[in-house]
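Participant: One structure coming up, written as structure tokens, with questions to follow.
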Amino acid sequence: MTDAVLVLEDGRTFTGQAYGATGSTLGEIVFNTGMTGYQETLTDPSYHRQIVVMTAPHIGNTGVNDDDPESARIWVAAYVVRDPARRASNWRSRRTLDDDLAAQGIVGISGIDTRALTRHLRELGVMRAGIFSGDALVDGGGDRRPDDELLTEVLAAPAMAGADLAGEVSTDTAYVVEALGPDGEPLGTPVATVAAVDLGIKAMTPQRMAERGIRVHVLPSTASIDDVLATEADGVFFSNGPGDPGAATHEIDLLREVLDRRIPFFGICYGNQLLGRALGFGTYKLGYGHRGVNQPVIDRATGKVEITAHNHGFAVDAPLDGESVAPHDGGRYGRVVVSHVDLNDDVVEGLRALDLPAFSVQYHPEAAAGPHDAAYLFDRFLDLMNDQKGAA
Ligand SMILES: NC(=O)CC[C@H](N)C(=O)O
């Protein structure tokens with residue numbers, strides 16, 4: 001077995017075995033508490049530039065299939081697992097996770113104490129890190145490189161705060177997603193048309209809309225308001241995505257154009273943070289974020305608690321109680337309420353504008369992976385578009 005070393009920004013190191021590809025990789029190290037859904041996690045573009053630690057100790061049991069990926073490639077910068085499955089077993093499995101990581105050049109490490117690592121990150125917050133194995137761990141003379149040399153590489157890596165990354169993961173060209181019949185033709189007249197701006201969109205998101213009869217035009221993150229209007233959309237959607245919402249200037253300008261025209265808007269995750277910023281609220285970096293499939297969130301309008309899938313390291317800074325006037329331009333967007341809150345830590349998990357047809361959630365109603373409790377939000381988006389059509 002080949003040695004691998006994980007080096008954290010604060011100098012702590014963990015030695016284990018190489019898993020997936022050998023080499024070196026740098027990124028922000030974060031932990032995910034999901035017991036299932038590793039394929040969806042690995043292929044979620046929001047994890048671009050992040051090293052993902054799984055807190056579930058045994059990963060890879062069901063191998064890798066061709067149905068569950070959320071995009072065309074693995075996006076995580078590296079993968080950290082305690083105990084990789086020695087045997088993959090599932091009727092859908094096509095290859096092992098180890099082989100898939102290696103084939104896609106994703107460096108990983110296994111056999112380290114992921115509980116100690118997670119507790120460390122929970123206490124000190126997420127930070128930059130690097131994994132080194134194979135040739136990247138030895139010098140020209142064949143000796144193991146000293147830790148301080150590896151640490152210097154880690155400290156030279158860019159931080160996640162201030163990173164504008166949507167353009168690195170977004171589609172280059174627009175495409176359409178809609179429900180198709182067995183003959184490959186559209187199933188019927190769409191009930192609504194949505195322009196979905198891809199900031200790192202997961203495949204299941206347009207799929208959830210298509211299941212409801214919506215035709216979805218997925219647009220690149222560089223789309224202009226004219227590109228959006230050209231789709232003749234009834235509503236605009238902003239997806240999840242990697243990076244710091246504070247760095248997304250083009251997208252926020254585009255969203256303000258949408259809000260100014262009173263086009264119904266729905267945003268998920270990064271899309272929620274961008275709605276917050278477009279309305280004039282701030283965003284901030286959480287200590288260690290929410291990543292997993294079992295976060296309790298309350299819908300404050302109904303009092304119902306949902307168990308939800310999360311993947312976010314930033315959050316919107318908006319007043320939890322009462323209606324607040326959106327601060328942008330002296331309140332030009334009217335009143336806003338925090339519609340959803342995380343019951344673990346009171347983090348803002350949703351926004352609803354009261355004077356505009358716009359709402360968003362910080363978590364993942366598309367549920368890939370994760371529970372389906374929040375699927376009603378796609379119906380709410382459809383209702384919002386229908387109401388607006390009725391009002392026109
Ligand atoms: N999944 C997402 O959209 C993540 C949004 C943002 N990059 C964050 O970490 O908070």
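Here, A, B, ... name the chains of the structure tokens in the order displayed, residue numbers run from 1 inside each chain, and ligands are numbered from 1 in the same displayed order.
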Hey, what's within 10 Å of Leu382 of chain A if we count only C-alpha atoms and toss same-chain stuff fewer than 5 positions away? As a list in words, please?

Facilitator: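 Final neighbour list, sorted by chain and number: Val191, Ala192, Thr193, Val194, Met209, Arg212, Gly213, Ile214, Asp234, Gly235, Pro264, Phe266, Tyr376, Leu377, Asp387 and Gln388 of chain A.
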
Participant: Store the residues picked out above, limited to C-alpha atoms, as a PDB file, in the first residue's frame.

Facilitator:
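So selection.pdb came out as:
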```pdb
ATOM      1  CA  VAL A 191     -46.958  23.910 -18.146  1.00  0.00           C
ATOM      2  CA  ALA A 192     -44.317  26.627 -17.750  1.00  0.00           C
ATOM      3  CA  THR A 193     -40.886  27.616 -19.049  1.00  0.00           C
ATOM      4  CA  VAL A 194     -37.958  28.351 -16.756  1.00  0.00           C
ATOM      5  CA  MET A 209     -38.897  20.691 -12.742  1.00  0.00           C
ATOM      6  CA  ARG A 212     -43.723  18.678 -13.205  1.00  0.00           C
ATOM      7  CA  GLY A 213     -44.117  19.446 -16.916  1.00  0.00           C
ATOM      8  CA  ILE A 214     -41.800  22.466 -16.909  1.00  0.00           C
ATOM      9  CA  ASP A 234     -42.214  32.373 -16.978  1.00  0.00           C
ATOM     10  CA  GLY A 235     -39.667  32.160 -14.187  1.00  0.00           C
ATOM     11  CA  PRO A 264     -40.884  34.982 -10.667  1.00  0.00           C
ATOM     12  CA  PHE A 266     -36.560  30.668  -7.224  1.00  0.00           C
ATOM     13  CA  TYR A 376     -43.020  20.934  -2.353  1.00  0.00           C
ATOM     14  CA  LEU A 377     -40.776  23.918  -3.109  1.00  0.00           C
ATOM     15  CA  ASP A 387     -50.089  33.334 -10.063  1.00  0.00           C
ATOM     16  CA  GLN A 388     -47.955  35.817 -11.922  1.00  0.00           C
TER      17      GLN A 388
END
```

Participant: DSSP on the backbone, then: every residue of segment 182-306 of chain A marked alpha helix (DSSP H), written as a VMD selection string.

Facilitator: chain A and resid 204 to 210 225 to 230 249 to 260 270 to 279

Participant: Could you dump the residues just selected with N, CA and C atoms as a short mmCIF file (atom, residue, chain, number, x, y, z; two decimals), in the first residue's frame?

Facilitator:
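Saved result, again-v4.cif, follows:
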```
data_model
loop_
_atom_site.label_atom_id
_atom_site.label_comp_id
_atom_site.auth_asym_id
_atom_site.auth_seq_id
_atom_site.Cartn_x
_atom_site.Cartn_y
_atom_site.Cartn_z
N MET A 204 -30.20 16.70 -11.08
CA MET A 204 -31.54 16.40 -10.58
C MET A 204 -32.43 17.64 -10.52
N THR A 205 -31.85 18.83 -10.49
CA THR A 205 -32.67 20.03 -10.30
C THR A 205 -33.56 20.33 -11.52
N PRO A 206 -33.02 20.45 -12.73
CA PRO A 206 -33.93 20.62 -13.87
C PRO A 206 -34.84 19.41 -14.05
N GLN A 207 -34.34 18.24 -13.65
CA GLN A 207 -35.14 17.02 -13.74
C GLN A 207 -36.40 17.12 -12.88
N ARG A 208 -36.24 17.65 -11.66
CA ARG A 208 -37.40 17.80 -10.76
C ARG A 208 -38.44 18.75 -11.37
N MET A 209 -37.96 19.76 -12.09
CA MET A 209 -38.90 20.69 -12.74
C MET A 209 -39.54 20.01 -13.94
N ALA A 210 -38.73 19.28 -14.74
CA ALA A 210 -39.26 18.60 -15.92
C ALA A 210 -40.33 17.59 -15.51
N ILE A 225 -29.24 39.42 -19.31
CA ILE A 225 -30.71 39.51 -19.17
C ILE A 225 -31.37 39.28 -20.54
N ASP A 226 -30.70 39.67 -21.63
CA ASP A 226 -31.28 39.42 -22.95
C ASP A 226 -31.34 37.91 -23.24
N ASP A 227 -30.30 37.18 -22.82
CA ASP A 227 -30.32 35.71 -23.00
C ASP A 227 -31.49 35.12 -22.22
N VAL A 228 -31.72 35.63 -21.01
CA VAL A 228 -32.81 35.13 -20.18
C VAL A 228 -34.15 35.45 -20.84
N LEU A 229 -34.31 36.69 -21.28
CA LEU A 229 -35.59 37.11 -21.89
C LEU A 229 -35.86 36.35 -23.19
N ALA A 230 -34.77 35.99 -23.91
CA ALA A 230 -34.94 35.29 -25.20
C ALA A 230 -35.59 33.92 -25.01
N THR A 249 -20.35 39.11 -8.76
CA THR A 249 -20.94 40.40 -9.16
C THR A 249 -21.85 40.30 -10.39
N HIS A 250 -21.42 39.59 -11.42
CA HIS A 250 -22.24 39.51 -12.65
C HIS A 250 -23.61 38.89 -12.32
N GLU A 251 -23.59 37.81 -11.55
CA GLU A 251 -24.83 37.09 -11.26
C GLU A 251 -25.79 37.96 -10.44
N ILE A 252 -25.24 38.75 -9.53
CA ILE A 252 -26.11 39.60 -8.70
C ILE A 252 -26.73 40.72 -9.57
N ASP A 253 -25.93 41.26 -10.47
CA ASP A 253 -26.48 42.28 -11.39
C ASP A 253 -27.60 41.67 -12.23
N LEU A 254 -27.37 40.44 -12.72
CA LEU A 254 -28.40 39.77 -13.54
C LEU A 254 -29.66 39.54 -12.72
N LEU A 255 -29.48 39.11 -11.49
CA LEU A 255 -30.65 38.83 -10.64
C LEU A 255 -31.44 40.11 -10.37
N ARG A 256 -30.75 41.22 -10.19
CA ARG A 256 -31.48 42.50 -9.97
C ARG A 256 -32.30 42.88 -11.21
N GLU A 257 -31.75 42.57 -12.39
CA GLU A 257 -32.53 42.82 -13.62
C GLU A 257 -33.81 41.98 -13.62
N VAL A 258 -33.69 40.75 -13.13
CA VAL A 258 -34.85 39.84 -13.06
C VAL A 258 -35.87 40.38 -12.06
N LEU A 259 -35.38 40.78 -10.88
CA LEU A 259 -36.28 41.28 -9.83
C LEU A 259 -36.96 42.57 -10.28
N ASP A 260 -36.21 43.43 -10.95
CA ASP A 260 -36.78 44.70 -11.42
C ASP A 260 -37.95 44.46 -12.38
N TYR A 270 -26.55 28.38 -3.48
CA TYR A 270 -25.85 29.59 -3.95
C TYR A 270 -26.90 30.59 -4.45
N GLY A 271 -27.94 30.07 -5.08
CA GLY A 271 -29.04 30.92 -5.57
C GLY A 271 -29.75 31.66 -4.45
N ASN A 272 -29.82 31.03 -3.27
CA ASN A 272 -30.41 31.69 -2.10
C ASN A 272 -29.48 32.80 -1.60
N GLN A 273 -28.20 32.48 -1.57
CA GLN A 273 -27.23 33.49 -1.11
C GLN A 273 -27.22 34.68 -2.07
N LEU A 274 -27.37 34.41 -3.37
CA LEU A 274 -27.35 35.51 -4.34
C LEU A 274 -28.63 36.33 -4.25
N LEU A 275 -29.77 35.68 -3.95
CA LEU A 275 -30.99 36.47 -3.74
C LEU A 275 -30.77 37.38 -2.52
N GLY A 276 -30.21 36.81 -1.46
CA GLY A 276 -29.93 37.62 -0.26
C GLY A 276 -29.08 38.84 -0.62
N ARG A 277 -28.05 38.62 -1.38
CA ARG A 277 -27.14 39.73 -1.72
C ARG A 277 -27.81 40.72 -2.68
N ALA A 278 -28.59 40.20 -3.63
CA ALA A 278 -29.28 41.10 -4.57
C ALA A 278 -30.25 42.01 -3.81
N LEU A 279 -30.85 41.47 -2.74
CA LEU A 279 -31.78 42.27 -1.95
C LEU A 279 -31.04 43.24 -1.02
#
```

Participant: Produce as an NGL selection string the set of residues near ligand 1, where near means within 7 Å with only C-alpha atoms and all ligand atoms considered.

Facilitator: :A and (46 or 239-245 or 268-271 or 311-315)

Participant: Can you tell me how far atom CA of Leu121 of chain A sits from atom CA of Tyr288 of chain A, in Å to one decimal?

Facilitator: 6.7 Å

Participant: Out of A:Ile112, A:Val126, A:Ala375, A:Val336, which residue has the shortest atom-to-atom distance to Ala309 of chain A when counting only C-alpha atoms?

Facilitator: A:Ala375

Participant: How many Å separate atom CA of Leu351 of chain A from atom CA of Gln295 of chain A?

Facilitator: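 Between atom CA of Leu351 of chain A and atom CA of Gln295 of chain A the gap is 17.4 Å.
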
Participant: If you count only C-alpha atoms, which residues fall within 7 Å of Pro57 of chain A, apart from same-chain ones fewer than 5 positions away, as a VMD selection string?

Facilitator: chain A and resid 81 to 83
